[in-house]
Structure formats: C-alpha cells, structure tokens
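Visitor: The file below is work.txt, compact mmCIF, C-alpha atoms:
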# COMPACT_ATOMS: atom_id res chain seq x y z
CA MET A 1 19.09 37.79 59.46
CA ILE A 2 15.84 35.84 59.52
CA TYR A 3 13.81 38.26 57.36
CA LEU A 4 16.40 38.18 54.59
CA LYS A 5 16.62 34.40 54.80
CA LEU A 6 12.81 34.05 54.56
CA PHE A 7 12.70 36.49 51.67
CA TRP A 8 15.45 34.63 49.79
CA GLU A 9 14.02 31.13 50.31
CA PHE A 10 10.51 32.19 49.26
CA LEU A 11 11.91 34.14 46.31
CA LYS A 12 13.38 30.84 45.09
CA ILE A 13 10.02 29.13 45.57
CA GLY A 14 8.28 31.87 43.60
CA ALA A 15 10.86 31.73 40.83
CA PHE A 16 10.85 27.95 40.37
CA THR A 17 7.21 27.00 40.81
CA PHE A 18 5.89 26.18 37.36
CA GLY A 19 2.23 25.27 37.08
CA GLY A 20 1.10 26.86 40.35
CA GLY A 21 -0.83 25.17 43.13
CA TYR A 22 0.69 21.92 44.31
CA ALA A 23 3.73 22.39 42.07
CA MET A 24 5.17 24.53 44.87
CA LEU A 25 4.92 21.71 47.41
CA PRO A 26 8.35 20.12 46.78
CA LEU A 27 10.14 23.49 46.94
CA MET A 28 8.18 24.67 49.97
CA ARG A 29 8.84 21.39 51.77
CA GLN A 30 12.55 21.52 51.02
CA ALA A 31 12.91 25.14 52.20
CA VAL A 32 10.93 24.56 55.38
CA LEU A 33 12.69 21.35 56.39
CA GLU A 34 16.23 22.52 55.53
CA ASN A 35 15.80 25.63 57.65
CA ALA A 36 13.92 23.77 60.39
CA TRP A 37 11.08 26.31 60.19
CA SER A 38 8.42 23.65 60.59
CA SER A 39 7.72 19.92 60.33
CA GLU A 40 6.52 17.66 57.55
CA ASN A 41 3.13 17.16 59.25
CA LYS A 42 2.75 20.90 59.74
CA ILE A 43 3.15 21.43 55.98
CA VAL A 44 0.25 19.07 55.36
CA ASP A 45 -1.83 20.89 57.99
CA LEU A 46 -1.00 24.18 56.28
CA ILE A 47 -2.19 22.85 52.93
CA ALA A 48 -5.54 22.12 54.59
CA VAL A 49 -5.69 25.63 56.06
CA SER A 50 -4.69 27.18 52.72
CA GLU A 51 -7.28 25.20 50.79
CA SER A 52 -10.02 26.24 53.20
CA THR A 53 -9.20 29.95 53.05
CA PRO A 54 -9.36 32.21 50.00
CA GLY A 55 -6.34 33.05 47.89
CA PRO A 56 -3.55 31.18 46.11
CA LEU A 57 -2.03 28.23 47.93
CA ALA A 58 1.54 29.51 47.58
CA VAL A 59 0.69 32.94 49.03
CA ASN A 60 -1.26 31.45 51.94
CA MET A 61 1.50 29.02 52.87
CA SER A 62 4.23 31.65 52.56
CA THR A 63 2.35 34.06 54.81
CA TYR A 64 1.73 31.34 57.40
CA ILE A 65 5.27 30.00 57.52
CA GLY A 66 6.65 33.54 57.58
CA ALA A 67 4.30 34.54 60.41
CA GLU A 68 5.10 31.45 62.44
CA THR A 69 8.83 31.85 62.00
CA ALA A 70 9.21 35.59 62.57
CA GLY A 71 5.88 37.33 63.17
CA ILE A 72 4.47 40.04 60.94
CA GLY A 73 7.88 40.94 59.51
CA GLY A 74 8.46 37.32 58.57
CA ALA A 75 5.02 37.07 56.95
CA LEU A 76 5.74 40.18 54.90
CA ALA A 77 9.22 39.01 53.88
CA ALA A 78 8.04 35.53 52.81
CA THR A 79 4.97 36.77 50.94
CA PHE A 80 6.90 39.54 49.20
CA GLY A 81 9.53 36.98 48.21
CA VAL A 82 7.10 34.48 46.74
CA VAL A 83 5.21 37.14 44.75
CA LEU A 84 8.15 39.14 43.39
CA PRO A 85 9.44 36.77 40.65
CA SER A 86 5.99 36.41 38.99
CA PHE A 87 5.46 40.14 39.19
CA LEU A 88 8.79 41.03 37.59
CA ILE A 89 8.69 38.36 34.90
CA ILE A 90 5.16 39.30 33.80
CA LEU A 91 6.11 42.99 33.64
CA LEU A 92 9.19 42.09 31.63
CA ILE A 93 7.44 39.96 29.01
CA SER A 94 4.05 41.70 28.85
CA GLY A 95 5.03 43.67 25.75
CA SER A 96 5.99 40.60 23.78
CA TYR A 97 4.26 37.72 25.49
CA ARG A 98 3.22 35.94 22.29
CA LYS A 99 6.83 35.89 21.11
CA PHE A 100 7.97 34.77 24.56
CA ARG A 101 5.50 31.94 24.76
CA THR A 102 6.26 30.53 21.31
CA SER A 103 10.04 30.96 21.47
CA ARG A 104 11.95 27.71 21.15
CA ILE A 105 13.74 28.16 24.48
CA VAL A 106 10.53 28.65 26.48
CA ARG A 107 8.73 25.79 24.71
CA GLY A 108 11.75 23.53 25.17
CA ALA A 109 12.18 24.42 28.83
CA MET A 110 8.51 23.63 29.47
CA GLU A 111 8.90 20.23 27.79
CA GLY A 112 11.47 19.38 30.44
CA LEU A 113 9.82 21.22 33.35
CA ARG A 114 6.37 19.61 33.13
CA PRO A 115 7.51 16.03 33.78
CA ALA A 116 10.04 17.29 36.34
CA VAL A 117 7.26 18.96 38.33
CA VAL A 118 5.23 15.74 38.30
CA ALA A 119 8.25 13.78 39.54
CA LEU A 120 8.99 16.27 42.34
CA VAL A 121 5.38 16.41 43.52
CA ALA A 122 5.27 12.60 43.53
CA ALA A 123 8.45 12.44 45.61
CA ALA A 124 7.09 15.06 48.03
CA LEU A 125 3.81 13.16 48.34
CA LEU A 126 5.65 9.95 49.24
CA SER A 127 7.62 11.72 51.90
CA VAL A 128 4.70 13.57 53.53
CA ALA A 129 2.66 10.35 53.42
CA GLY A 130 5.51 8.59 55.20
CA SER A 131 5.39 11.09 58.04
CA ALA A 132 1.58 11.21 58.26
CA PHE A 133 1.49 7.47 58.87
CA ASP A 134 3.33 5.56 61.56
CA VAL A 135 5.51 3.24 59.50
CA GLY A 136 6.82 1.39 62.57
CA ASP A 137 3.40 0.24 63.77
CA LEU A 138 1.23 -0.27 60.70
CA LEU A 139 -1.91 -1.29 62.61
CA SER A 140 -1.77 1.58 65.09
CA HIS A 141 -4.96 3.44 65.90
CA GLY A 142 -3.74 6.57 64.11
CA ASN A 143 -2.98 4.64 60.93
CA LEU A 144 -6.40 2.99 60.87
CA THR A 145 -8.06 6.41 61.24
CA GLY A 146 -5.83 7.67 58.44
CA ILE A 147 -6.72 4.79 56.14
CA VAL A 148 -10.45 5.30 56.67
CA ALA A 149 -10.05 9.04 56.01
CA VAL A 150 -7.99 8.36 52.86
CA LEU A 151 -10.63 5.97 51.50
CA ILE A 152 -13.50 8.37 52.14
CA ALA A 153 -11.53 11.34 50.79
CA ALA A 154 -10.53 9.36 47.69
CA PHE A 155 -14.18 8.54 47.04
CA LEU A 156 -15.21 12.21 47.43
CA SER A 157 -12.33 13.33 45.22
CA TYR A 158 -13.35 10.79 42.58
CA LYS A 159 -16.87 12.24 42.76
CA LYS A 160 -15.28 15.66 42.06
CA LYS A 161 -16.36 17.11 45.39
CA HIS A 162 -14.87 20.44 46.49
CA PRO A 163 -11.55 20.29 48.42
CA ILE A 164 -13.10 22.14 51.37
CA LEU A 165 -15.76 19.43 51.70
CA ILE A 166 -13.06 16.74 51.53
CA ILE A 167 -11.08 18.47 54.30
CA ALA A 168 -14.20 18.92 56.45
CA VAL A 169 -15.22 15.27 56.12
CA SER A 170 -11.66 14.12 56.88
CA ALA A 171 -11.68 16.25 60.03
CA ILE A 172 -14.92 14.62 61.14
CA VAL A 173 -13.45 11.16 60.51
CA GLY A 174 -10.47 12.15 62.67
CA LEU A 175 -12.74 13.37 65.45
CA ILE A 176 -15.04 10.33 65.47
CA LEU A 177 -12.50 7.50 65.16
CA MET B 178 -9.04 59.48 35.90
CA ARG B 179 -5.84 57.50 36.25
CA SER B 180 -6.04 57.21 40.00
CA LYS B 181 -9.62 56.03 39.60
CA THR B 182 -8.45 53.18 37.35
CA ILE B 183 -5.75 52.23 39.85
CA LYS B 184 -8.32 52.14 42.63
CA GLU B 185 -10.68 50.05 40.51
CA LEU B 186 -7.88 47.58 39.76
CA PHE B 187 -7.12 47.25 43.44
CA VAL B 188 -10.76 46.74 44.43
CA THR B 189 -11.50 44.26 41.62
CA PHE B 190 -8.48 42.09 42.37
CA PHE B 191 -9.10 42.34 46.11
CA LYS B 192 -12.51 40.80 45.42
CA ILE B 193 -10.97 38.08 43.26
CA GLY B 194 -8.42 37.34 46.00
CA ALA B 195 -11.07 37.26 48.69
CA PHE B 196 -13.49 34.95 46.91
CA THR B 197 -11.29 32.32 45.23
CA PHE B 198 -10.67 29.29 47.34
CA GLY B 199 -7.66 27.19 46.42
CA GLY B 200 -6.43 29.71 43.85
CA GLY B 201 -5.24 28.70 40.40
CA TYR B 202 -7.87 27.63 37.92
CA ALA B 203 -10.62 28.17 40.48
CA MET B 204 -10.25 31.88 39.79
CA ILE B 205 -10.74 31.72 36.01
CA PRO B 206 -14.57 32.01 36.12
CA LEU B 207 -14.28 35.01 38.45
CA ILE B 208 -11.67 36.64 36.19
CA LYS B 209 -13.96 36.13 33.22
CA ARG B 210 -16.91 37.73 34.97
CA GLU B 211 -15.09 40.65 36.60
CA ILE B 212 -12.33 41.44 34.10
CA VAL B 213 -13.92 40.49 30.78
CA GLU B 214 -17.65 41.06 31.23
CA GLU B 215 -17.85 43.78 33.89
CA LYS B 216 -14.76 45.92 33.36
CA LYS B 217 -13.93 44.92 29.77
CA TRP B 218 -10.22 45.09 30.58
CA LEU B 219 -9.51 41.97 28.53
CA ALA B 220 -11.18 40.40 25.52
CA GLU B 221 -12.60 36.91 25.95
CA GLU B 222 -9.85 35.25 23.89
CA GLU B 223 -7.16 37.07 25.85
CA VAL B 224 -8.10 34.96 28.86
CA PHE B 225 -6.59 31.99 27.02
CA ASP B 226 -3.41 34.02 26.45
CA LEU B 227 -3.41 34.79 30.15
CA ILE B 228 -3.65 31.11 31.09
CA ALA B 229 -0.94 30.19 28.58
CA ILE B 230 1.40 32.87 29.94
CA ALA B 231 0.72 31.86 33.52
CA GLU B 232 1.60 28.29 32.62
CA SER B 233 4.92 29.16 31.04
CA THR B 234 6.06 31.60 33.72
CA PRO B 235 6.79 30.77 37.34
CA GLY B 236 4.59 31.69 40.27
CA PRO B 237 0.94 31.45 41.24
CA LEU B 238 -1.61 32.01 38.46
CA ALA B 239 -3.37 34.66 40.54
CA ILE B 240 -0.25 36.80 40.75
CA ASN B 241 0.55 36.37 37.07
CA ALA B 242 -3.02 37.32 36.14
CA ALA B 243 -3.14 40.35 38.42
CA THR B 244 0.20 41.71 37.24
CA PHE B 245 -0.68 41.11 33.59
CA VAL B 246 -4.09 42.78 33.69
CA GLY B 247 -2.92 45.58 36.01
CA ASN B 248 -0.01 46.44 33.73
CA ARG B 249 -2.19 46.30 30.63
CA VAL B 250 -4.78 48.68 32.10
CA GLY B 251 -2.70 51.01 34.23
CA GLY B 252 1.04 50.47 33.65
CA ILE B 253 3.38 49.67 36.53
CA GLY B 254 1.14 51.46 39.03
CA GLY B 255 -1.78 49.34 37.86
CA ALA B 256 0.27 46.16 38.13
CA LEU B 257 1.25 47.04 41.69
CA ALA B 258 -2.34 47.90 42.67
CA ALA B 259 -3.79 44.70 41.18
CA THR B 260 -1.11 42.44 42.65
CA LEU B 261 -1.36 44.03 46.08
CA GLY B 262 -5.15 43.69 45.85
CA VAL B 263 -5.09 39.98 45.04
CA VAL B 264 -2.53 39.15 47.76
CA LEU B 265 -3.93 41.26 50.59
CA PRO B 266 -7.02 39.16 51.51
CA SER B 267 -4.94 35.95 51.78
CA PHE B 268 -2.30 37.72 53.77
CA LEU B 269 -4.71 39.22 56.30
CA ILE B 270 -6.80 36.08 56.74
CA ILE B 271 -3.84 33.73 57.08
CA PHE B 272 -2.05 36.08 59.46
CA LEU B 273 -5.12 36.04 61.68
CA ILE B 274 -5.49 32.26 61.47
CA ALA B 275 -1.80 31.66 62.19
CA GLY B 276 -2.27 33.45 65.52
CA ILE B 277 -5.36 31.44 66.41
CA LEU B 278 -4.05 28.07 65.28
CA ALA B 279 -0.82 28.48 67.24
CA ARG B 280 -2.95 28.73 70.38
CA VAL B 281 -5.32 25.81 69.72
CA GLU B 282 -3.24 23.29 67.77
CA HIS B 283 -2.18 21.42 70.89
CA LEU B 284 -5.72 20.83 72.09
CA PRO B 285 -6.58 17.11 71.83
CA VAL B 286 -9.71 17.87 69.78
CA VAL B 287 -7.74 19.85 67.20
CA GLU B 288 -5.02 17.21 67.08
CA LYS B 289 -7.61 14.52 66.40
CA ALA B 290 -9.25 16.55 63.66
CA PHE B 291 -5.90 17.17 62.00
CA ARG B 292 -5.11 13.45 62.06
CA GLY B 293 -8.07 12.98 59.73
CA ILE B 294 -7.35 16.13 57.76
CA ARG B 295 -3.78 15.04 57.01
CA ALA B 296 -5.08 11.90 55.32
CA GLY B 297 -7.56 13.96 53.33
CA VAL B 298 -4.83 16.34 52.18
CA LEU B 299 -2.74 13.40 50.93
CA VAL B 300 -5.67 12.58 48.66
CA LEU B 301 -5.86 16.19 47.46
CA ILE B 302 -2.15 16.14 46.61
CA GLY B 303 -2.57 12.75 44.93
CA SER B 304 -5.45 13.96 42.81
CA ALA B 305 -3.54 17.13 41.78
CA LEU B 306 -0.60 14.88 40.90
CA PHE B 307 -2.82 12.64 38.79
CA SER B 308 -4.23 15.55 36.80
CA LEU B 309 -0.73 17.00 36.26
CA PHE B 310 0.40 13.58 35.05
CA ARG B 311 -2.53 13.22 32.66
CA GLN B 312 -1.71 16.57 31.02
CA LEU B 313 1.80 15.42 30.09
CA LYS B 314 2.59 14.69 26.45
CA LYS B 315 2.72 10.95 25.91
CA GLN B 316 6.24 10.61 24.54
CA VAL B 317 9.40 8.78 25.49
CA PHE B 318 11.26 11.98 26.41
CA THR B 319 8.59 12.84 29.00
CA TYR B 320 8.88 9.48 30.73
CA VAL B 321 12.68 9.53 30.74
CA VAL B 322 12.73 12.98 32.39
CA LEU B 323 10.01 11.92 34.83
CA ALA B 324 11.90 8.80 35.91
CA ALA B 325 15.27 10.55 36.17
CA ALA B 326 13.87 13.49 38.17
CA PHE B 327 11.99 11.15 40.50
CA ALA B 328 15.08 9.03 41.13
CA ALA B 329 17.19 12.13 41.78
CA ALA B 330 14.65 13.55 44.24
CA CYS B 331 13.95 10.29 46.09
CA PHE B 332 17.26 8.45 46.15
CA LEU B 333 19.90 11.14 45.69
CA GLN B 334 18.06 13.89 47.62
CA THR B 335 19.09 16.33 44.91
CA ASP B 336 18.02 19.95 45.44
CA SER B 337 14.66 20.59 43.72
CA VAL B 338 15.90 23.78 42.06
CA VAL B 339 18.86 21.90 40.57
CA ILE B 340 16.54 19.17 39.23
CA LEU B 341 14.22 21.76 37.66
CA ILE B 342 17.09 23.64 35.98
CA LEU B 343 18.64 20.43 34.60
CA CYS B 344 15.28 19.21 33.27
CA ALA B 345 14.59 22.59 31.63
CA LEU B 346 18.01 22.44 29.91
CA CYS B 347 17.32 18.87 28.73
CA GLY B 348 13.97 20.05 27.35
CA ILE B 349 15.61 22.92 25.46
CA ALA B 350 18.29 20.62 24.01
CA TRP B 351 15.77 17.93 23.09
CA THR B 352 13.33 20.36 21.43
CA GLY B 353 16.17 21.92 19.43
CA PHE B 354 17.34 18.51 18.32
CA GLU B 355 13.82 17.33 17.38
CA GLU B 356 13.06 20.45 15.37
CA LYS B 357 16.35 20.26 13.51
CA ARG B 358 15.59 16.64 12.62
CA ALA B 359 12.06 17.55 11.49
CA ARG B 360 13.42 20.19 9.13
CA LYS B 361 15.74 17.72 7.35
Could you spell out this file's structure in structure tokens?
Guide:
Amino acid sequence: MIYLKLFWEFLKIGAFTFGGGYAMLPLMRQAVLENAWSSENKIVDLIAVSESTPGPLAVNMSTYIGAETAGIGGALAATFGVVLPSFLIILLISGSYRKFRTSRIVRGAMEGLRPAVVALVAAALLSVAGSAFDVGDLLSHGNLTGIVAVLIAAFLSYKKKHPILIIAVSAIVGLIL
Amino acid sequence: MRSKTIKELFVTFFKIGAFTFGGGYAMIPLIKREIVEEKKWLAEEEVFDLIAIAESTPGPLAINAATFVGNRVGGIGGALAATLGVVLPSFLIIFLIAGILARVEHLPVVEKAFRGIRAGVLVLIGSALFSLFRQLKKQVFTYVVLAAAFAAACFLQTDSVVILILCALCGIAWTGFEEKRARK
C-alpha cells in the first residue's frame, strides 16, 4: 500500500538524517529514485521550492513528494513519517539530555556520522549535477546557461547572499539565456 | 490554564514555522526572540543545549526544538501542539504549491526558469557541503571515514542507511579505543 510505503521510507529519512538541512539529500534522493516517485532533476527543483517557502527543508520536501505521489493522504503519510523519529527521540531523552549528549556511545557515533554525512552529500551532489548537465554534449545551450548560472550563484553565495535571492537570480538567468 | 499553555505553544511554533525560510539555523534568532525573550520558556543558555541536542539526534532542527520546548513546558500534549504548530505552515503551503506547480511545470517559461534554478541549487548544496566539511574535526580518522563512505556511495552504490550505521559503529569503536589509550 502506497501510504504505508511512503510512511516507512520517510520514517527512515527522519531517523537517519543527522545535521538537518542538506544532510537529508542523499537519503531523500535514494528513496525517491529507488521507488521511482520522481526524477533526479525534480529533486533539485524541489530543493529550490523548499528553500523559497517557509519551514524545514526535510518537511517541505516530504510533503511535496508525498502529495505528488499519492495526494493528500500521501503528503500526510510522508510528513508524519519524517517527523516521527525526531519527536519520539526527543521525548525519550528530554529527561536526561545532558547525560545522553555526553555519553561515550553518542559522542563516538557522531565522530563517525559527521564525516559520513559529508561524504554522502558530496556523492549526492555529484549525481544531481550529472543529471542537471548534459554530459553527452558539453557545449549544448542548456549547459552554457547552467554554467553562467553556476558562476553567478557561486559569486552571490560567496558574498553570503540569501538562498532565495540566489534562486531568483538563477531563474532570471535561465529565462534570459 | 493548561489548555491555554498548549494553545500558546501551538501558536508560537506556528509563527516560527511560518516565518523561517530554509529551516535549521535560520530559526535560531526567532526561537531566541519568541521562546527566550517573549515567553521565557527557556533560559538563554538552554538554547545552546537545544542546538547541541538537535545536532546529536536525527531529524530537522525545527522538529527537535519544537518537541523539546513543548515537552518542557506542557508535557506530551505540549510537545504535540508545538510540533504540529511548526509543521503545519510548511505542510499547507507546500501542498498548495504542489498542486500549482504540477499544472505549470511543463510550460516553456517555467522549464527555462528551472534550468537556471537547478544550477543555482547545485551551488546551494555545494556551499552547504563546504560548511559541513569545515566543521569536521581535522584528524586522520575523519578523513579515513570520509574517503571510505564516499567510495562506498559512489562506486559500490551502497545503501545510505547502511553507510551511516557502519560509520557510527566505527566512530563508537574508535572513540572507545582512543579514550582507553588516553587513560593509560
């Protein structure tokens, strides 16, 4: 049943995203592609939508993918799934969070998880970049537009401009070129 | 009295959910203003605890924060109210947008805009990646895990959850080993 499947996949994403934000990208990408719920390019589009609307990235993307896959029920199942692990774990440890945080197991696990998250996000970035650009025809019109947008966005990002501004300017570059 | 607190938790976190773009650390200033200064639900230094907990537990920071504060102020009912409050704005807005976007995404104008946007998002991911990388401890163990996890993800197409669990176990073993050595 699709609702159960959505709930389960997004529960996994919620339970294994350490660091929030873009740390969920590799897990989200894997779940979406394995179940053929959407495409690699669509994930990137969804990041843009999620960054330009209020609320946490993970919640926004879960709601969207759920809605697109199975309507309102799907949106509810996916969002509920992604939120539930955080909710339960915080309730569980809230009485003894200082002990939890300084315990050797938690500290040790984080030592391994932090670099793992960086590696997974890097791998996901390579793969979404590969699908955003046309690797077969490097000098295609689309690629040139993309390169110009990347350069401008990189400059704005270096200048610490807000993500929404970066997305808006990239959209304009896409429209003009 | 109690139901008033529950309602206040819901409304406060609804506001936080509705006015934080991008989530995560972007919501810290708002949490400070609403939760610490206005409502006095947390002390200033507890915000650091909150961030530290959010970083060592899975899930979005917003959810962790809402559940933590809600539970502190109003027990399980408070946790539910705050978490529902922080999620609801995203849910409603995205649900609306999903319906609209599905209808317009095949228009040539929208397709062209998204061609640019996709490139911009790659930069956003890249810059998030860079700041995650910079926060890592500069030690050999970190780089070994990083290289191994990257190779497993890229070349072996290993499941992300499996990679995360294995790396967490390595971290636990390595920390135990290091601390035992330090004690000798």
Visitor: Neighbouring residues of region 246-258 of chain B were defined as those with any atom within 9 Å, considering all atoms listed in the file; residues of the same chain fewer than 4 positions away were excluded. Please report them as an mmCIF file with C-alpha atoms, in the frame of the given file.
Guide:
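Okay, this is what ended up in out-v9.cif:
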data_model
loop_
_atom_site.group_PDB
_atom_site.id
_atom_site.type_symbol
_atom_site.label_atom_id
_atom_site.label_comp_id
_atom_site.auth_asym_id
_atom_site.auth_seq_id
_atom_site.Cartn_x
_atom_site.Cartn_y
_atom_site.Cartn_z
ATOM 1 C CA PHE A 87 5.460 40.140 39.190
ATOM 2 C CA ILE A 90 5.160 39.300 33.800
ATOM 3 C CA LEU A 91 6.110 42.990 33.640
ATOM 4 C CA SER A 94 4.050 41.700 28.850
ATOM 5 C CA ARG B 179 -5.840 57.500 36.250
ATOM 6 C CA THR B 182 -8.450 53.180 37.350
ATOM 7 C CA ILE B 183 -5.750 52.230 39.850
ATOM 8 C CA LYS B 184 -8.320 52.140 42.630
ATOM 9 C CA GLU B 185 -10.680 50.050 40.510
ATOM 10 C CA LEU B 186 -7.880 47.580 39.760
ATOM 11 C CA PHE B 187 -7.120 47.250 43.440
ATOM 12 C CA VAL B 188 -10.760 46.740 44.430
ATOM 13 C CA PHE B 190 -8.480 42.090 42.370
ATOM 14 C CA ILE B 212 -12.330 41.440 34.100
ATOM 15 C CA TRP B 218 -10.220 45.090 30.580
ATOM 16 C CA LEU B 219 -9.510 41.970 28.530
ATOM 17 C CA LEU B 227 -3.410 34.790 30.150
ATOM 18 C CA ASN B 241 0.550 36.370 37.070
ATOM 19 C CA ALA B 242 -3.020 37.320 36.140
ATOM 20 C CA GLY B 262 -5.150 43.690 45.850
ATOM 21 C CA VAL B 263 -5.090 39.980 45.040
#
Visitor: Tell me, in Å to one decimal, how far CA of Ser39 (chain A) is from CA of Val83 (chain A).
Guide: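 Pair CA of Ser39 (chain A) / CA of Val83 (chain A) returns 23.4 Å.
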Visitor: Find, counting all atoms listed in the file, the residue in A:Ala149, A:Ala109, A:Ala23, A:Ile166 that gets nearest to Ala124 (chain A).
Guide: A:Ala23
Visitor: To one decimal place in Å, what is the distance between CA of Ile72 (chain A) and CA of Ile294 (chain B)?
Guide: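 These two atoms are separated by 26.9 Å.
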Visitor: When distances are computed from all atoms listed in the file, which of B:Phe245, B:Phe191, B:Phe332, B:Phe354 shows the smallest separation from chain A?
Guide: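 Checking each of B:Phe245, B:Phe191, B:Phe332, B:Phe354 against chain A, counting all atoms listed in the file, the winner is B:Phe245.
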Visitor: Determine, counting all atoms listed in the file, which protein, DNA and RNA residues have an atom within 8 Å of an atom of region 297-310 of chain B; residues of the same chain fewer than 3 positions away are not included. Present the result as a ChimeraX atom specification.
Guide: /A:22,44-45,47-48,115,118,121-122,125,128-129,149-150,153-154,157,163,166-167,170 /B:293-294,313
Visitor: Take CA of Asn35 (chain A) and CA of Thr335 (chain B) and report the distance between them in Å, one decimal.
Guide: 16.1 Å
Visitor: Using all atoms listed in the file, can you list as a list of chain:residue names the residues within 8 Å of (14.2, 29.1, 38.6)?
Guide: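 Residues close enough to count: A:Lys12, A:Ala15, A:Phe16, A:Thr17, B:Pro235, B:Val338, B:Leu341, B:Ile342.
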Visitor: Just checking: using all atoms listed in the file, which residue out of B:Val339, B:Ala296, B:Val224, B:Cys331 ends up closest to Val148 (chain A)?
Guide: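 Closest candidate: B:Ala296.
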Visitor: Counting all atoms listed in the file, which of B:Gly236, B:Ala325, B:Ala259, B:Arg360 gets nearest to chain A?
Guide: B:Gly236
Visitor: Select, from A:Glu40, A:Glu111, A:Asp134, A:Glu34, the residue with the minimum atom-to-atom distance to chain B, counting all atoms listed in the file.
Guide: A:Glu111
Visitor: List the spatial neighbours of Ala330 (chain B) as a list in words - criterion: any atom at most 7 Å away, all atoms listed in the file, same-chain residues fewer than 4 positions off excluded.
Guide: Leu120 and Ala123 of chain A; Ala326, Gln334 and Thr335 of chain B
Visitor: Using only C-alpha atoms, which of B:Lys357, B:Ser267, B:Glu232, B:Arg292 sits nearest Phe133 (chain A)?
Guide: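 The closest residue to Phe133 (chain A) is B:Arg292.
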Visitor: With all atoms listed in the file as the counted atoms, please give the residues lying no more than 10 Å from Asp226 (chain B), apart from itself and same-chain residues fewer than 6 positions off, as number ranges by chain.
Guide: A: 97-98, 101; B: 232
Visitor: May I have the residues within 12 Å of Ile228 (chain B) as a list in words, using all atoms listed in the file and disregarding those fewer than 3 positions away in the same chain?
Guide: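 Returned residues: Gly19, Gly20, Tyr97 and Arg101 of chain A; Gly201, Tyr202, Met204, Ile205, Ile208, Lys209, Glu221, Glu222, Glu223, Val224, Phe225, Ala231, Glu232, Ser233, Thr234, Pro237, Leu238, Ala239, Ile240, Asn241, Ala242, Ala243, Phe245 and Val246 of chain B.
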Visitor: Mind filling out region 225-244 of chain B with N, CA and C atoms and sending it as a PDB file, in the frame of the given file?
Guide:
ATOM      1  N   PHE B 225      -7.387  33.171  27.375  1.00  0.00           N
ATOM      2  CA  PHE B 225      -6.590  31.990  27.020  1.00  0.00           C
ATOM      3  C   PHE B 225      -5.106  32.342  26.982  1.00  0.00           C
ATOM      4  N   ASP B 226      -4.802  33.540  26.438  1.00  0.00           N
ATOM      5  CA  ASP B 226      -3.410  34.020  26.450  1.00  0.00           C
ATOM      6  C   ASP B 226      -2.906  34.067  27.892  1.00  0.00           C
ATOM      7  N   LEU B 227      -3.766  34.614  28.746  1.00  0.00           N
ATOM      8  CA  LEU B 227      -3.410  34.790  30.150  1.00  0.00           C
ATOM      9  C   LEU B 227      -3.060  33.446  30.784  1.00  0.00           C
ATOM     10  N   ILE B 228      -3.904  32.435  30.521  1.00  0.00           N
ATOM     11  CA  ILE B 228      -3.650  31.110  31.090  1.00  0.00           C
ATOM     12  C   ILE B 228      -2.347  30.539  30.526  1.00  0.00           C
ATOM     13  N   ALA B 229      -2.155  30.717  29.211  1.00  0.00           N
ATOM     14  CA  ALA B 229      -0.940  30.190  28.580  1.00  0.00           C
ATOM     15  C   ALA B 229       0.314  30.858  29.148  1.00  0.00           C
ATOM     16  N   ILE B 230       0.244  32.160  29.372  1.00  0.00           N
ATOM     17  CA  ILE B 230       1.400  32.870  29.940  1.00  0.00           C
ATOM     18  C   ILE B 230       1.661  32.392  31.358  1.00  0.00           C
ATOM     19  N   ALA B 231       0.567  32.288  32.131  1.00  0.00           N
ATOM     20  CA  ALA B 231       0.720  31.860  33.520  1.00  0.00           C
ATOM     21  C   ALA B 231       1.357  30.488  33.586  1.00  0.00           C
ATOM     22  N   GLU B 232       1.049  29.648  32.592  1.00  0.00           N
ATOM     23  CA  GLU B 232       1.600  28.290  32.620  1.00  0.00           C
ATOM     24  C   GLU B 232       3.067  28.246  32.221  1.00  0.00           C
ATOM     25  N   SER B 233       3.510  29.223  31.435  1.00  0.00           N
ATOM     26  CA  SER B 233       4.920  29.160  31.040  1.00  0.00           C
ATOM     27  C   SER B 233       5.789  30.154  31.809  1.00  0.00           C
ATOM     28  N   THR B 234       5.236  30.772  32.842  1.00  0.00           N
ATOM     29  CA  THR B 234       6.060  31.600  33.720  1.00  0.00           C
ATOM     30  C   THR B 234       5.902  31.079  35.143  1.00  0.00           C
ATOM     31  N   PRO B 235       6.910  31.290  35.985  1.00  0.00           N
ATOM     32  CA  PRO B 235       6.790  30.770  37.340  1.00  0.00           C
ATOM     33  C   PRO B 235       5.794  31.564  38.185  1.00  0.00           C
ATOM     34  N   GLY B 236       5.424  30.983  39.300  1.00  0.00           N
ATOM     35  CA  GLY B 236       4.590  31.690  40.270  1.00  0.00           C
ATOM     36  C   GLY B 236       3.122  31.357  40.163  1.00  0.00           C
ATOM     37  N   PRO B 237       2.363  31.749  41.204  1.00  0.00           N
ATOM     38  CA  PRO B 237       0.940  31.450  41.240  1.00  0.00           C
ATOM     39  C   PRO B 237       0.192  32.143  40.096  1.00  0.00           C
ATOM     40  N   LEU B 238      -0.792  31.461  39.546  1.00  0.00           N
ATOM     41  CA  LEU B 238      -1.610  32.010  38.460  1.00  0.00           C
ATOM     42  C   LEU B 238      -2.243  33.341  38.854  1.00  0.00           C
ATOM     43  N   ALA B 239      -2.698  33.440  40.091  1.00  0.00           N
ATOM     44  CA  ALA B 239      -3.370  34.660  40.540  1.00  0.00           C
ATOM     45  C   ALA B 239      -2.454  35.869  40.423  1.00  0.00           C
ATOM     46  N   ILE B 240      -1.198  35.684  40.802  1.00  0.00           N
ATOM     47  CA  ILE B 240      -0.250  36.800  40.750  1.00  0.00           C
ATOM     48  C   ILE B 240       0.048  37.160  39.303  1.00  0.00           C
ATOM     49  N   ASN B 241       0.298  36.127  38.483  1.00  0.00           N
ATOM     50  CA  ASN B 241       0.550  36.370  37.070  1.00  0.00           C
ATOM     51  C   ASN B 241      -0.617  37.133  36.442  1.00  0.00           C
ATOM     52  N   ALA B 242      -1.832  36.694  36.726  1.00  0.00           N
ATOM     53  CA  ALA B 242      -3.020  37.320  36.140  1.00  0.00           C
ATOM     54  C   ALA B 242      -3.155  38.770  36.589  1.00  0.00           C
ATOM     55  N   ALA B 243      -2.977  38.999  37.889  1.00  0.00           N
ATOM     56  CA  ALA B 243      -3.140  40.350  38.420  1.00  0.00           C
ATOM     57  C   ALA B 243      -2.106  41.302  37.830  1.00  0.00           C
ATOM     58  N   THR B 244      -0.850  40.854  37.787  1.00  0.00           N
ATOM     59  CA  THR B 244       0.200  41.710  37.240  1.00  0.00           C
ATOM     60  C   THR B 244      -0.052  42.003  35.769  1.00  0.00           C
TER      61      THR B 244
END
